[in-house]
Structure formats: structure tokens, C-alpha cells
Amino acid sequence: MVSYLQIEGLTKRFGATLMYQNVSMELSEGQRVAIVAKNGAGKTTLLNIIAGKEPYDEGLITFKNDLRIAYLDQNPTYPAHYTVLEAFCSVPNEMANLIARYEALLAKGDEVFQTEEFQQVLTQMDLHKAWEYEQRAKQILSKLNITDFSQKVGTLSGGQLKRMALANALISEPDLLILDEPTNHLDLAMTEWLEEYLNKSSLTLLMVTHDRYFLDRVCTEIIEIDNKQLYRYKGNYSYYLEKHQERNEQRNAELARANNLFRKELDWMRRQPQARGTKAKSRIDDFYTLQEKVRQRPTEKQVQLEVKSAYLGSKIFEAQYICKAFGEKRILHNFYYQFSKGEKMGIVGANGTGKSTFVKLLLGIEKPDSGAFDIGETVKFGYYSQEGLQFNEQMKVIDVVRDIAEEIDLGGGKKLSASQFLTHFLFTPETQNNYVYKLSGGEKRRLHLCTVLMKNPNFLVLDEPTNDLDIVTLNLLEDYLQGFTGCVIVVSHDRYFMDKVVDHLLVFKGDAQVQDFPGNYTDYRYWRDEQEKVKAQEKKKTVVEVVAPKTEHKRKLTYAEQQEFKQLEKDIAALEAEKAALEEAFASGNLSAEQLQVKAARMNELLPLLDEKEMRWLELSEV
């Protein structure tokens, strides 16, 4: 395989903090590699270093000559005054630059059509098959729910901007595609489309993602950052989990043996006189090497997080015929639901269908147009959302928690100090004394989650809790929610998380259509696929019944019908040939803008005509 990227002896520090030390890796053509690690271990930093956006202290990074790289940043930026299409064509790409010139000329009006410059651009568009490129760009944008190509970038939401940047990276046709959290801000349908798109492509991939189903289905190799080193696993996420556990057990056993030996050597060091021979000095050197090894911490054991929840009565909440709309966009219409004690509900649906709005209505952040929520007196909500990430950046992590409580009641007479509680959430003593502004995005989200749970709620409402949380934290949260005795509502696009946590779904389909489904997401997906198969079979059956004769005995075709049948066969063959010729012309990229319009109009006439003649042929063939 052709080597695309080689990293040798890479070392990176942030001030006194060492991120990696003397690490090496190689990426070859066709490999699909994901980087996994705890938040703050340097996953995004490594991608930024490879993409040339972040300096490093030592080492050598070598790329294949003329390697084309596309990088999806976690927080992409474009000039606010650009339109979506202008931003899309702003990448350093010959095809994109050509389309940008074409669009700029079109914007000048009809008089530009007769200019020599416009004719030259048209010729170049034909030569480079830019029509096909532009069409594919618009198709990918549409798949990611970006349909207004003239919209200004400055008016896009953070999610829209991330999806536009993702589309830009995909269409640029790179040799190496680097993706940082590509599934963030994608709904379930978009994530599944992206999985299929990447699996069909021949792209070489390097990515950071916490979507475990996505990891399993797209990536074939895993690189783990652990203890400032890189560990490589040649397999998907399921294989990684198995080998990661084996490595941890082996490492912990080695550390246990080293600790036993260290205790013996420490005793020897204390008993030895000051004057030592050459042999003793060698043993002393070995002692200090051993001391460095035993200072390594054993690999984390899965911590069972048990936090006392407040008493919850039998009455939870009743949604009484809720109506909510934003202008003509309906979210809920006469929605009724009675929530039961112990329910763990997942909310899924496409972006913009009203999932977060429903949560805000329940919590009283938004007001319904009509109807009301009747909430039980004992209900104590704990609300986690992206909007809740509002900390004083100059505070220390430990002080953020102490401002809420010095001690956390676990129930049964057990209590944890603020520091011990943070340790449960994988914050080391060193990190606890860091300022909030030094935390990574994922660490800040973990801190927010910590502050929500420590208030002992009995009804957890989690809006996109999995975005930017590392896999270790996700496993911790999943185990906590599985043992949580209160009620839970989760809005999430993380299919793995939903499968482990929820017992039924509210599926928001848009235009105030909400389906209550008894099961997790995988159950729903299977049911939905089966329903689509049944509908397809019924549609096929309906067509056959429409054209099938009603009499028991087939009649013979009349002379006129026989002649019509023969002519239909000729007409259908001619139309099929014309359709194939049109498709070939479109694919050639040699058509001018005017020719494209004419041929597209003919295709629009041809398709219904072909359908009509095929239906009539089917009717006559059944006689």
C-alpha cells in the first residue's frame, strides 16, 4: 500500500502538560482509522497537528507528494457575508474555483451571456465536467438538509455550519479525509446516509468520533491515545474493545508485579549503607527505573456511579392536548401523553421536527400555544443541554462543584466530598485544580453533567448528552442511567446510547406527527424497514390488481389492440433509447447551460410518457 502519512517521534506539550511523547504512526492508502481516547488526551490536537493547524515540539511529519487532504474541523469558520454556495466554492480546488467564477458571472445578469469571458468559462465547465460536480455538491448539501444555497453563512446555526463544512469536505474529492466528530449535528437519517456514503467510497479516512455504531460500521482500525502513547488495533470498534480489555489486564498485572518488587527493593534501599559498590549502584539505577514504572496508575476500572435521587411520587406529568407552532411550522397539535413512574423515554427524529422544543415545553422554558403540562409535586428535574455549558472560565473545576455542594449524598449514609465525586467523573486531582478555560470541550460537557447529577434529581432530561463526550464517560453515563430509579427523557442521535438506555421512543416526524413506539432505536429501525417492505409489496399488488382482468377467462385482444400492442413495444424501445442518450449526454459534461436546460425539459416530458406507455403495455399483456 502507498504510504500517505508518516509521523515519527512526535512530542507535544501545552505549557507544563505533556500530551504525547515520542509517538509514531503511519497511514496508508485505503485505511480507515479512528482515534479514541478520554477527553483531554489530545485527539483533536493530533488531528490539528496533522492538518497543519497546530505546532508541535519535536518529531517529523511526512506526507506523500501532492497528497490532497480535506479536514472537517470541529468548529469550522467561513466569512459571514458568503452565501452557502460561495462558501462551498471557497476551498482551494480547481473545480470549485471554476464554479465560483461561473456563478459570479451569472450574477451580473443576462448581458454577460454574450461576452467572451462567459463563453470561455462555459468551455472550461464542459471540459472539466463541472456541471456534474456542481450537481453532486447540491445533492450532498440537500442530503445534509442545506437546501437554500443563497443563504448567508452568517445566518446559519452552528449545526448547519458543521453540516455545510462536512459537505464541503466530502465533495472536494481528497486522497485523505480527516474528520473531527462528523456525526455531531447530524440526525439519524443523515448519520446513516454518511455511513453508506463513506462505505461506498474509496477514501482514506482518519477520524475522531464517539458514535460507536459509526465506528463499528465505517472504521477498520483504531488508534488509542493512552498514557501519552499511541496503541493501534487492526479491527473495528468491537475488536478494539476486546483487545483493549486484554491490554489493560496485562498492564495491571505487570504493574502489580512491579509494585511487589518495588516494596522489596525499597526495603533494601533503606537498609543499605551509604557506601556502595558497583553492583549496588547498578541495582540503585534499576530501583529508580522501577520507581518510574510503579508511578503509573493502573488502568481505570469501570466505576459504578450511584447518586441518591430525590423521592418521586406516583404522579409524574400529563401533557394535556398541547399545541405549539412557529408560524406555519407545526410542532405539536392536540398532543396528549401521560408519563409513568420509571419510564425511560428516547426522543428521535430529523433536525427541526421539534424534539428540543418538546423538552423546553415540559420544563417551562417555552410556553405552549394551547394546552398545559400537569407535573407532579415531587418531580425534581435535572436538565442537561448544550445551552447549560455556562461556567465562569476563571474558576477552578473543584470550585465549580463546591459552589453547588461540599458533599454529595449517595444514600444509605454514604457521602462523597466534591473532590471524590469529581474523581468518579474521571477528573484527576491535577485536572480538578485546573481552571475551567483549560478544559477541552468534552471535559466541559462532563463537568456540566457532573453538576446536573450531583443535585440529586429524580427526573433526568438529557438533550444531546453524547456530543463530545468520550467513550469512557459514555459507558459511565449509560451504566448510571440503567441503574437510575427515577425517570429519564433522552434526546439523542447516538443509536448505541439509545439502545442501552431507553425502553420506548417518541418519534417526531414533522408537521406535528409524533409516534409512540415501544422499544429502543434498533427495534424501531427494524420495524420501520419491515413496514416499508410491506408498503412496497402492497403498492405492487395494487398495481397488478388495477391492471388485472376481472373475468375468470381471458379474452383475446381485438385487432386494434393487437396493433396498439405492437406499436407500444416500438414506442417504449424508442423512448428507452432516447432516455439512455439523454443520461449519457448529462454524464458527459459537454453540454452548455442552454443545452442542459433543453435536455432537462425533454427528460421531464419523456419520463411520464414512458410510464404511461409501459402501464398500457402491461394492461394489454394481461388480456
# chains A, B, ... in the order shown; residues from 1 in each chain; ligands from 1
call {"tool": "residues_around", "arguments": {"residues": "segment 319-324 of chain A", "least_positions_apart": "3", "cutoff": "8 Å", "atoms": "only C-alpha atoms", "output": "PyMOL selection string"}}
result
chain A and resi 330-338+368-374
call {"tool": "residues_around", "arguments": {"residues": "Asp73 of chain A", "least_positions_apart": "4", "cutoff": "9 Å", "atoms": "only C-alpha atoms", "output": "NGL selection string"}}
result
:A and (44 or 47-48 or 77 or 162 or 165-166 or 178-182)
call {"tool": "write_last_selection", "arguments": {"atoms": "C-alpha atoms", "output": "PDB file, in the first residue's frame"}}
result
ATOM      1  CA  THR A  44      -8.404  16.902  18.273  1.00  0.00           C
ATOM      2  CA  LEU A  47      -5.764  15.984  14.015  1.00  0.00           C
ATOM      3  CA  ASN A  48      -4.911  19.700  14.091  1.00  0.00           C
ATOM      4  CA  THR A  77     -15.479  29.068  10.035  1.00  0.00           C
ATOM      5  CA  LYS A 162     -20.909  21.998  10.592  1.00  0.00           C
ATOM      6  CA  ALA A 165     -18.385  22.069   6.153  1.00  0.00           C
ATOM      7  CA  LEU A 166     -18.892  18.286   6.090  1.00  0.00           C
ATOM      8  CA  ILE A 178      -9.776  13.895   8.155  1.00  0.00           C
ATOM      9  CA  LEU A 179     -12.987  14.185  10.183  1.00  0.00           C
ATOM     10  CA  ASP A 180     -13.368  15.555  13.716  1.00  0.00           C
ATOM     11  CA  GLU A 181     -16.717  14.423  15.165  1.00  0.00           C
ATOM     12  CA  PRO A 182     -18.511  14.145  11.786  1.00  0.00           C
TER      13      PRO A 182
END
call {"tool": "atom_distance", "arguments": {"atom1": "atom CA of Gly30 of chain A", "atom2": "atom CA of His185 of chain A"}}
result
26.7 Å
call {"tool": "residues_around", "arguments": {"residues": "segment 394-407 of chain A", "least_positions_apart": "6", "cutoff": "8 Å", "atoms": "only C-alpha atoms", "output": "list of chain:residue names"}}
result
A:Lys415, A:Leu416, A:Ser417, A:Ala418, A:Ser419, A:Leu422, A:Thr431, A:Gln432, A:Asn433, A:Asn434, A:Tyr435, A:Val436, A:Tyr437, A:Leu447, A:Thr451, A:Lys455
call {"tool": "write_last_selection", "arguments": {"atoms": "N, CA and C atoms", "output": "compact mmCIF listing (two decimals), in the first residue's frame"}}
result
# COMPACT_ATOMS: atom_id res chain seq x y z
N LYS A 415 -21.51 9.29 51.81
CA LYS A 415 -21.32 10.62 51.24
C LYS A 415 -19.97 10.69 50.54
N LEU A 416 -19.89 11.58 49.54
CA LEU A 416 -18.63 11.83 48.86
C LEU A 416 -18.31 13.31 48.95
N SER A 417 -17.01 13.63 49.11
CA SER A 417 -16.60 15.03 49.02
C SER A 417 -16.68 15.47 47.57
N ALA A 418 -16.62 16.77 47.34
CA ALA A 418 -16.66 17.29 45.97
C ALA A 418 -15.53 16.70 45.14
N SER A 419 -14.34 16.59 45.74
CA SER A 419 -13.19 16.04 45.02
C SER A 419 -13.39 14.57 44.69
N LEU A 422 -15.84 14.26 41.80
CA LEU A 422 -15.21 14.58 40.51
C LEU A 422 -14.34 13.42 40.03
N THR A 431 -6.40 17.79 37.28
CA THR A 431 -7.41 18.48 36.47
C THR A 431 -8.40 19.25 37.35
N GLN A 432 -8.73 18.70 38.52
CA GLN A 432 -9.67 19.38 39.41
C GLN A 432 -9.16 20.76 39.81
N ASN A 433 -7.86 20.93 39.87
CA ASN A 433 -7.28 22.21 40.27
C ASN A 433 -6.91 23.09 39.07
N ASN A 434 -7.27 22.63 37.87
CA ASN A 434 -7.12 23.47 36.67
C ASN A 434 -8.26 24.48 36.59
N TYR A 435 -8.03 25.54 35.85
CA TYR A 435 -9.10 26.49 35.57
C TYR A 435 -9.98 25.94 34.45
N VAL A 436 -11.25 26.33 34.47
CA VAL A 436 -12.22 25.79 33.51
C VAL A 436 -11.78 26.06 32.08
N TYR A 437 -11.17 27.23 31.83
CA TYR A 437 -10.80 27.57 30.45
C TYR A 437 -9.75 26.62 29.86
N LEU A 447 -18.12 18.02 32.98
CA LEU A 447 -18.29 18.82 34.20
C LEU A 447 -19.74 19.27 34.34
N THR A 451 -22.42 18.43 37.40
CA THR A 451 -23.19 19.41 38.19
C THR A 451 -24.69 19.13 38.15
N LYS A 455 -27.06 17.22 42.00
CA LYS A 455 -28.20 17.89 42.65
C LYS A 455 -29.31 16.90 43.01
call {"tool": "select_by_dssp", "arguments": {"residues": "segment 300-444 of chain A", "states": "strand (DSSP E)", "output": "PyMOL selection string"}}
result
chain A and resi 317-326+329-339+344-349+370-375+381-384+407-411+414-417
call {"tool": "closest_residue", "arguments": {"among": "A:Leu198, A:Leu122, A:Cys450, A:Val23", "to": "Gly388 of chain A", "atoms": "only C-alpha atoms"}}
result
A:Cys450
call {"tool": "residues_around", "arguments": {"residues": "Gly382 of chain A", "least_positions_apart": "3", "cutoff": "6 Å", "atoms": "only C-alpha atoms", "output": "list in words"}}
result
Val452, Pro457 and Leu460 of chain A
call {"tool": "write_last_selection", "arguments": {"atoms": "C-alpha atoms", "output": "PDB file, in the first residue's frame"}}
result
ATOM      1  CA  VAL A 452     -26.583  18.148  36.959  1.00  0.00           C
ATOM      2  CA  PRO A 457     -32.783  14.933  40.559  1.00  0.00           C
ATOM      3  CA  LEU A 460     -33.395  13.499  34.182  1.00  0.00           C
TER       4      LEU A 460
END
call {"tool": "closest_residue", "arguments": {"among": "A:Gln513, A:Leu582, A:Lys234, A:Pro174", "to": "Leu72 of chain A", "atoms": "only C-alpha atoms"}}
result
A:Pro174
call {"tool": "residues_around", "arguments": {"residues": "Val218 of chain A", "least_positions_apart": "3", "cutoff": "8 Å", "atoms": "only C-alpha atoms", "output": "ChimeraX atom specification"}}
result
/A:32,195,198-199,214-215
call {"tool": "residues_around", "arguments": {"residues": "Ala574 of chain A", "least_positions_apart": "5", "cutoff": "12 Å", "atoms": "only C-alpha atoms", "output": "PyMOL selection string"}}
result
chain A and resi 567-569+579-581+606+609-610+613
call {"tool": "select_by_dssp", "arguments": {"residues": "segment 119-174 of chain A", "states": "helix (DSSP H, G or I)", "output": "ChimeraX atom specification"}}
result
/A:119-127,130-143,153-155,158-171
call {"tool": "atom_distance", "arguments": {"atom1": "atom CA of Ile171 of chain A", "atom2": "atom CA of Tyr213 of chain A"}}
result
23.8 Å
call {"tool": "closest_residue", "arguments": {"among": "A:Ala573, A:Val36, A:Leu557, A:Leu194", "to": "Glu619 of chain A", "atoms": "only C-alpha atoms"}}
result
A:Leu557
call {"tool": "closest_residue", "arguments": {"among": "A:Ala325, A:Lys108, A:Val33, A:Ala253", "to": "Thr220 of chain A", "atoms": "only C-alpha atoms"}}
result
A:Val33
call {"tool": "residues_around", "arguments": {"residues": "Leu312 of chain A", "least_positions_apart": "6", "cutoff": "10 Å", "atoms": "only C-alpha atoms", "output": "list in words"}}
result
Lys341, Gly342, Gly376, Glu377, Thr378, Val379, Lys380, Pro457, Asn458, Phe459, Thr485, Gly486 and Cys487 of chain A
call {"tool": "decode", "arguments": {"residues": "segment 504-523 of chain A", "atoms": "N, CA and C atoms", "output": "PDB file, in the first residue's frame"}}
result
ATOM      1  N   HIS A 504     -38.576   2.926  25.370  1.00  0.00           N
ATOM      2  CA  HIS A 504     -39.502   3.235  24.278  1.00  0.00           C
ATOM      3  C   HIS A 504     -39.188   4.617  23.719  1.00  0.00           C
ATOM      4  N   LEU A 505     -39.767   4.943  22.579  1.00  0.00           N
ATOM      5  CA  LEU A 505     -39.425   6.152  21.830  1.00  0.00           C
ATOM      6  C   LEU A 505     -40.648   7.002  21.538  1.00  0.00           C
ATOM      7  N   LEU A 506     -40.418   8.311  21.478  1.00  0.00           N
ATOM      8  CA  LEU A 506     -41.319   9.219  20.774  1.00  0.00           C
ATOM      9  C   LEU A 506     -40.602   9.611  19.492  1.00  0.00           C
ATOM     10  N   VAL A 507     -41.214   9.301  18.356  1.00  0.00           N
ATOM     11  CA  VAL A 507     -40.596   9.590  17.063  1.00  0.00           C
ATOM     12  C   VAL A 507     -41.272  10.818  16.475  1.00  0.00           C
ATOM     13  N   PHE A 508     -40.515  11.923  16.369  1.00  0.00           N
ATOM     14  CA  PHE A 508     -41.034  13.161  15.787  1.00  0.00           C
ATOM     15  C   PHE A 508     -40.807  13.123  14.281  1.00  0.00           C
ATOM     16  N   LYS A 509     -41.909  13.178  13.531  1.00  0.00           N
ATOM     17  CA  LYS A 509     -41.834  13.028  12.079  1.00  0.00           C
ATOM     18  C   LYS A 509     -42.047  14.337  11.329  1.00  0.00           C
ATOM     19  N   GLY A 510     -42.300  15.428  12.060  1.00  0.00           N
ATOM     20  CA  GLY A 510     -42.546  16.712  11.420  1.00  0.00           C
ATOM     21  C   GLY A 510     -44.029  16.962  11.231  1.00  0.00           C
ATOM     22  N   ASP A 511     -44.398  18.238  11.120  1.00  0.00           N
ATOM     23  CA  ASP A 511     -45.786  18.658  10.949  1.00  0.00           C
ATOM     24  C   ASP A 511     -46.680  18.087  12.049  1.00  0.00           C
ATOM     25  N   ALA A 512     -46.169  18.115  13.286  1.00  0.00           N
ATOM     26  CA  ALA A 512     -46.917  17.717  14.489  1.00  0.00           C
ATOM     27  C   ALA A 512     -47.271  16.235  14.531  1.00  0.00           C
ATOM     28  N   GLN A 513     -46.591  15.412  13.726  1.00  0.00           N
ATOM     29  CA  GLN A 513     -46.814  13.962  13.775  1.00  0.00           C
ATOM     30  C   GLN A 513     -45.814  13.336  14.756  1.00  0.00           C
ATOM     31  N   VAL A 514     -46.336  12.719  15.809  1.00  0.00           N
ATOM     32  CA  VAL A 514     -45.487  12.104  16.832  1.00  0.00           C
ATOM     33  C   VAL A 514     -45.968  10.673  17.064  1.00  0.00           C
ATOM     34  N   GLN A 515     -45.063   9.704  16.904  1.00  0.00           N
ATOM     35  CA  GLN A 515     -45.405   8.297  17.080  1.00  0.00           C
ATOM     36  C   GLN A 515     -44.787   7.759  18.373  1.00  0.00           C
ATOM     37  N   ASP A 516     -45.592   7.077  19.174  1.00  0.00           N
ATOM     38  CA  ASP A 516     -45.108   6.423  20.395  1.00  0.00           C
ATOM     39  C   ASP A 516     -44.768   4.978  20.024  1.00  0.00           C
ATOM     40  N   PHE A 517     -43.475   4.614  20.146  1.00  0.00           N
ATOM     41  CA  PHE A 517     -43.037   3.276  19.741  1.00  0.00           C
ATOM     42  C   PHE A 517     -42.482   2.520  20.946  1.00  0.00           C
ATOM     43  N   PRO A 518     -42.969   1.313  21.230  1.00  0.00           N
ATOM     44  CA  PRO A 518     -42.497   0.530  22.385  1.00  0.00           C
ATOM     45  C   PRO A 518     -41.238  -0.255  22.053  1.00  0.00           C
ATOM     46  N   GLY A 519     -40.075   0.310  22.325  1.00  0.00           N
ATOM     47  CA  GLY A 519     -38.821  -0.386  22.051  1.00  0.00           C
ATOM     48  C   GLY A 519     -37.689   0.610  21.900  1.00  0.00           C
ATOM     49  N   ASN A 520     -36.450   0.107  21.688  1.00  0.00           N
ATOM     50  CA  ASN A 520     -35.316   1.014  21.504  1.00  0.00           C
ATOM     51  C   ASN A 520     -35.142   1.360  20.030  1.00  0.00           C
ATOM     52  N   TYR A 521     -34.053   2.040  19.685  1.00  0.00           N
ATOM     53  CA  TYR A 521     -33.913   2.517  18.313  1.00  0.00           C
ATOM     54  C   TYR A 521     -33.728   1.376  17.319  1.00  0.00           C
ATOM     55  N   THR A 522     -32.941   0.364  17.679  1.00  0.00           N
ATOM     56  CA  THR A 522     -32.740  -0.767  16.771  1.00  0.00           C
ATOM     57  C   THR A 522     -34.066  -1.479  16.500  1.00  0.00           C
ATOM     58  N   ASP A 523     -34.895  -1.634  17.545  1.00  0.00           N
ATOM     59  CA  ASP A 523     -36.228  -2.222  17.370  1.00  0.00           C
ATOM     60  C   ASP A 523     -37.050  -1.376  16.381  1.00  0.00           C
TER      61      ASP A 523
END
